[in-house]
Amino acid sequence: MPQTENLINMKRTKEEGIIDLVLDEDVSGEHDLYYLEWEDAIAHSGWMSEKEATTWFEKQTMTVKQVGWIVKETAKYIAVISRISDWGEGESEWGLMQKIPRTWIRKRILLTNFI
């Protein structure tokens, strides 16, 4: 990502490992667009020895990288949509909706000022 003078600070939130890059201007618009990285839940359906399973639990991760609009944020989760359509008849329609537990979020970068 190119450097920009709009990015003024990087801060860790209270939850370890979460990084927010914050822009120095207020963003207009109904919802803000973000780049997100989050750890997804994973599963293994086969059989392993106890030693192999312990290693698998320690080393296996699934990091998801995506862009979307955060439309709601609570202490427990964020609601993200990846598509917005407007038919020109009033209310917009949302698609590709996700509810992600906040503890899964590892990084988020505000992109609204770049669109």
# chains A, B, ... in the order shown; residues from 1 in each chain; ligands from 1
call {"tool": "select_by_dssp", "arguments": {"residues": "segment 32-87 of chain A", "states": "alpha helix (DSSP H)", "output": "list of chain:residue names"}}
result
A:Glu50, A:Lys51, A:Glu52, A:Ala53, A:Thr54, A:Thr55, A:Trp56, A:Phe57, A:Glu58, A:Lys59
call {"tool": "residues_around", "arguments": {"residues": "Arg102 of chain A", "least_positions_apart": "6", "cutoff": "10 Å", "atoms": "only C-alpha atoms", "output": "VMD selection string"}}
result
chain A and resid 15 18 38 73 to 79
call {"tool": "residues_around", "arguments": {"residues": "segment 52-69 of chain A", "least_positions_apart": "6", "cutoff": "8 Å", "atoms": "only C-alpha atoms", "output": "list of chain:residue names"}}
result
A:His31, A:Asp32, A:Leu33, A:Tyr34, A:Tyr35, A:Leu36, A:Glu37, A:Trp38, A:Glu39, A:Asp40, A:Ala41, A:Ile42, A:Val80, A:Ile81, A:Ser82, A:Arg83
call {"tool": "residues_around", "arguments": {"residues": "Ile84 of chain A", "least_positions_apart": "2", "cutoff": "7 Å", "atoms": "only C-alpha atoms", "output": "list in words"}}
result
Asp86, Ser92, Glu93, Trp94 and Gly95 of chain A
call {"tool": "write_last_selection", "arguments": {"atoms": "N, CA and C atoms", "output": "mmCIF file, in the first residue's frame"}}
result
data_model
loop_
_atom_site.group_PDB
_atom_site.id
_atom_site.type_symbol
_atom_site.label_atom_id
_atom_site.label_comp_id
_atom_site.auth_asym_id
_atom_site.auth_seq_id
_atom_site.Cartn_x
_atom_site.Cartn_y
_atom_site.Cartn_z
ATOM 1 N N ASP A 86 -27.730 0.219 -5.993
ATOM 2 C CA ASP A 86 -28.766 1.237 -5.933
ATOM 3 C C ASP A 86 -29.499 1.253 -7.267
ATOM 4 N N SER A 92 -31.043 1.395 -0.969
ATOM 5 C CA SER A 92 -30.044 0.529 -1.606
ATOM 6 C C SER A 92 -30.216 -0.911 -1.129
ATOM 7 N N GLU A 93 -29.609 -1.840 -1.866
ATOM 8 C CA GLU A 93 -29.619 -3.251 -1.485
ATOM 9 C C GLU A 93 -28.206 -3.674 -1.148
ATOM 10 N N TRP A 94 -28.077 -4.583 -0.165
ATOM 11 C CA TRP A 94 -26.780 -5.053 0.293
ATOM 12 C C TRP A 94 -26.596 -6.508 -0.077
ATOM 13 N N GLY A 95 -25.336 -6.876 -0.361
ATOM 14 C CA GLY A 95 -25.034 -8.268 -0.669
ATOM 15 C C GLY A 95 -23.727 -8.719 -0.023
#
